[in-house]
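Q: Could you have a look at this structure, given as C-alpha cells, before my questions?
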Amino acid sequence: QVQLVESGGGSVQAGGSLTLSCVASGNTAKNNCMAWFRQAPGKEREGVASLYLHITNAKYVDSVKDRLTISHDSAKNTLYLLMNSLQSEDNDMYYCATRYEYRYGDCRPLSRGSYDDWGQGTRVTVSS
C-alpha cells in the first residue's frame, strides 16, 4: 500500500498561482502512474492531470492544460501540480492518487475508479 500526503493548498487571489505537493511513501516501487484530481462539494471527483513516471508522459484535461503543469521528483518521491492563472472555478479540494499500470507509458483513463491509493486532499480557495 502507498501513503500519499498532499500539501500546498491555500487561499489565493484570482490570477495567482499555487504549487501543490504530494509526498508518496510505503510500497511505491511498483506504482508508475500518478494523478491529480479535484472535487467541489456535491460534485464528482474529476481528474485534471496524470503522469507516467518513468518517461514523464503527462496528460491533461482540456479545461486546464494551458494553466496546470504536473511534474515529479523521483529523489523526493513527490508529485507536484503547478497551477497558474487561478480562477474561481478552481475552488476545490485537490487529491493526488497513484496506481500500477501494465501498459507502458499510458495512464488512461483519468478516472477515480482506476486509481487505488489516495491522499487526504488539500484545499484551494480562489477569491476574486
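In the C-alpha cells, chains take letters A, B, ... by order of appearance, with residues numbered from 1 within each chain and ligands from 1 in the order shown.
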Could the residues of segment 59-78 of chain A that have an atom at most 9 Å from segment 49-53 of chain A be listed as JSON lines, each with its closest atom pair and the distance in Å to one decimal, counting only C-alpha atoms and ordered by chain and ascending residue number?
A:
{"residue": "A:Lys59", "atom": "CA", "partner": "A:Ser50", "partner_atom": "CA", "distance": 5.3}
{"residue": "A:Tyr60", "atom": "CA", "partner": "A:Ala49", "partner_atom": "CA", "distance": 4.3}
{"residue": "A:Val61", "atom": "CA", "partner": "A:Ala49", "partner_atom": "CA", "distance": 6.4}
{"residue": "A:Val64", "atom": "CA", "partner": "A:Ala49", "partner_atom": "CA", "distance": 8.4}
{"residue": "A:Lys65", "atom": "CA", "partner": "A:Ala49", "partner_atom": "CA", "distance": 8.1}
{"residue": "A:Leu68", "atom": "CA", "partner": "A:Ala49", "partner_atom": "CA", "distance": 8.1}
{"residue": "A:Thr69", "atom": "CA", "partner": "A:Ala49", "partner_atom": "CA", "distance": 8.0}
{"residue": "A:Ile70", "atom": "CA", "partner": "A:Ala49", "partner_atom": "CA", "distance": 6.6}
{"residue": "A:Ser71", "atom": "CA", "partner": "A:Leu51", "partner_atom": "CA", "distance": 7.3}
{"residue": "A:His72", "atom": "CA", "partner": "A:Leu53", "partner_atom": "CA", "distance": 7.2}
{"residue": "A:Ser74", "atom": "CA", "partner": "A:Leu53", "partner_atom": "CA", "distance": 8.4}
Q: Name the residues of chain A that come out as strand (DSSP E) in a backbone DSSP run; write them as an MDAnalysis selection string.
A: chainID A and resid 2:7 10:13 18:26 33:39 46:52 57:60 68:73 78:83 92:99 117:118 122:127
Q: Write out the residues from the selection above, keeping C-alpha atoms, as a CSV table (one decimal), in the first residue's frame.
A:
chain,number,residue,atom,x,y,z
A,2,VAL,CA,1.1,3.6,-0.7
A,3,GLN,CA,0.6,6.5,1.6
A,4,LEU,CA,0.1,9.9,0.0
A,5,VAL,CA,0.2,13.3,1.7
A,6,GLU,CA,-0.8,16.5,-0.1
A,7,SER,CA,0.1,20.0,0.9
A,10,GLY,CA,-4.4,27.7,0.5
A,11,SER,CA,-6.1,31.0,-0.4
A,12,VAL,CA,-5.1,33.0,-3.4
A,13,GLN,CA,-6.5,35.8,-5.5
A,18,LEU,CA,-0.1,27.8,-6.3
A,19,THR,CA,2.1,24.7,-6.3
A,20,LEU,CA,0.6,21.6,-4.7
A,21,SER,CA,2.8,18.8,-3.5
A,22,CYS,CA,2.1,15.1,-2.8
A,23,VAL,CA,4.7,13.0,-1.0
A,24,ALA,CA,4.5,9.3,-1.5
A,25,SER,CA,5.7,6.7,0.9
A,26,GLY,CA,5.3,2.9,1.6
A,33,CYS,CA,1.0,6.3,-12.7
A,34,MET,CA,0.2,9.3,-10.6
A,35,ALA,CA,-2.5,11.9,-11.0
A,36,TRP,CA,-4.2,14.9,-9.6
A,37,PHE,CA,-7.9,15.1,-9.1
A,38,ARG,CA,-10.2,17.8,-7.8
A,39,GLN,CA,-13.6,17.8,-6.2
A,46,GLU,CA,-12.6,14.7,-11.6
A,47,GLY,CA,-9.1,14.1,-12.9
A,48,VAL,CA,-7.1,17.0,-14.1
A,49,ALA,CA,-3.7,15.7,-14.9
A,50,SER,CA,-1.8,12.4,-14.9
A,51,LEU,CA,1.8,11.4,-15.2
A,52,TYR,CA,3.5,8.2,-16.3
A,57,ASN,CA,4.4,11.3,-20.1
A,58,ALA,CA,1.9,14.0,-18.9
A,59,LYS,CA,-1.7,14.3,-19.9
A,60,TYR,CA,-4.2,17.0,-19.0
A,68,LEU,CA,-1.6,23.5,-14.9
A,69,THR,CA,1.7,21.6,-15.0
A,70,ILE,CA,2.2,18.2,-13.4
A,71,SER,CA,5.7,17.0,-12.5
A,72,HIS,CA,7.5,14.5,-10.3
A,73,ASP,CA,10.8,14.5,-8.4
A,78,THR,CA,7.0,13.8,-4.6
A,79,LEU,CA,4.4,14.8,-7.2
A,80,TYR,CA,3.7,18.4,-7.9
A,81,LEU,CA,0.9,20.5,-9.6
A,82,LEU,CA,1.8,24.0,-10.6
A,83,MET,CA,-1.4,26.0,-11.0
A,92,ASP,CA,-11.8,22.7,-5.0
A,93,MET,CA,-10.3,20.0,-2.8
A,94,TYR,CA,-7.3,18.6,-4.7
A,95,TYR,CA,-6.3,15.0,-4.3
A,96,CYS,CA,-3.3,13.0,-5.6
A,97,ALA,CA,-3.6,9.4,-6.5
A,98,THR,CA,-1.4,6.6,-7.7
A,99,ARG,CA,-1.6,3.1,-9.2
A,117,ASP,CA,-4.3,4.9,-3.4
A,118,TRP,CA,-5.3,8.4,-2.4
A,122,THR,CA,-5.6,19.9,0.1
A,123,ARG,CA,-8.0,22.8,-0.3
A,124,VAL,CA,-7.6,25.6,-2.9
A,125,THR,CA,-9.6,28.7,-2.4
A,126,VAL,CA,-9.6,31.4,-5.1
A,127,SER,CA,-11.0,34.8,-4.3
Q: Counting only C-alpha atoms, which residue out of A:Arg103, A:Asn32, A:Gly8, A:Ser128 sits closest to Ser88 of chain A?
A: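 Comparing A:Arg103, A:Asn32, A:Gly8, A:Ser128 against Ser88 of chain A, the winner is A:Ser128.
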Q: If you run DSSP on this backbone, which residues of segment 7-88 of chain A come out as helix (DSSP H, G or I), and could you give them as a PyMOL selection string?
A: chain A and resi 53-55+88
Q: Print the selection's residues with C-alpha atoms to a file, as a short mmCIF file (atom, residue, chain, number, x, y, z; two decimals), in the first residue's frame.
A:
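What follows is the written file again_25.cif:
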data_model
loop_
_atom_site.label_atom_id
_atom_site.label_comp_id
_atom_site.auth_asym_id
_atom_site.auth_seq_id
_atom_site.Cartn_x
_atom_site.Cartn_y
_atom_site.Cartn_z
CA LEU A 53 6.58 8.43 -14.09
CA HIS A 54 9.34 6.61 -15.94
CA ILE A 55 9.08 8.55 -19.19
CA SER A 88 -12.92 30.96 -9.13
#
Q: Kindly give the distance, in Å, that separates atom CA of Asn91 of chain A and atom CA of Gly9 of chain A, rounded to a single decimal.
A: 10.4 Å
Q: What separation in Å, quoted to one decimal, exists between atom CA of Asp116 of chain A and atom CA of Asp66 of chain A?
A: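 Computing the Euclidean distance for atom CA of Asp116 of chain A and atom CA of Asp66 of chain A yields 27.4 Å.
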Q: So what do you get for atom CA of Thr56 of chain A versus atom CA of Tyr100 of chain A, distance-wise?
A: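 Straight-line distance from atom CA of Thr56 of chain A to atom CA of Tyr100 of chain A works out to 14.8 Å.
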Q: Measuring between only C-alpha atoms, which one of A:Arg67, A:Arg45, A:Lys30, A:Leu110 shows the shortest distance to Leu86 of chain A?
A: A:Arg67
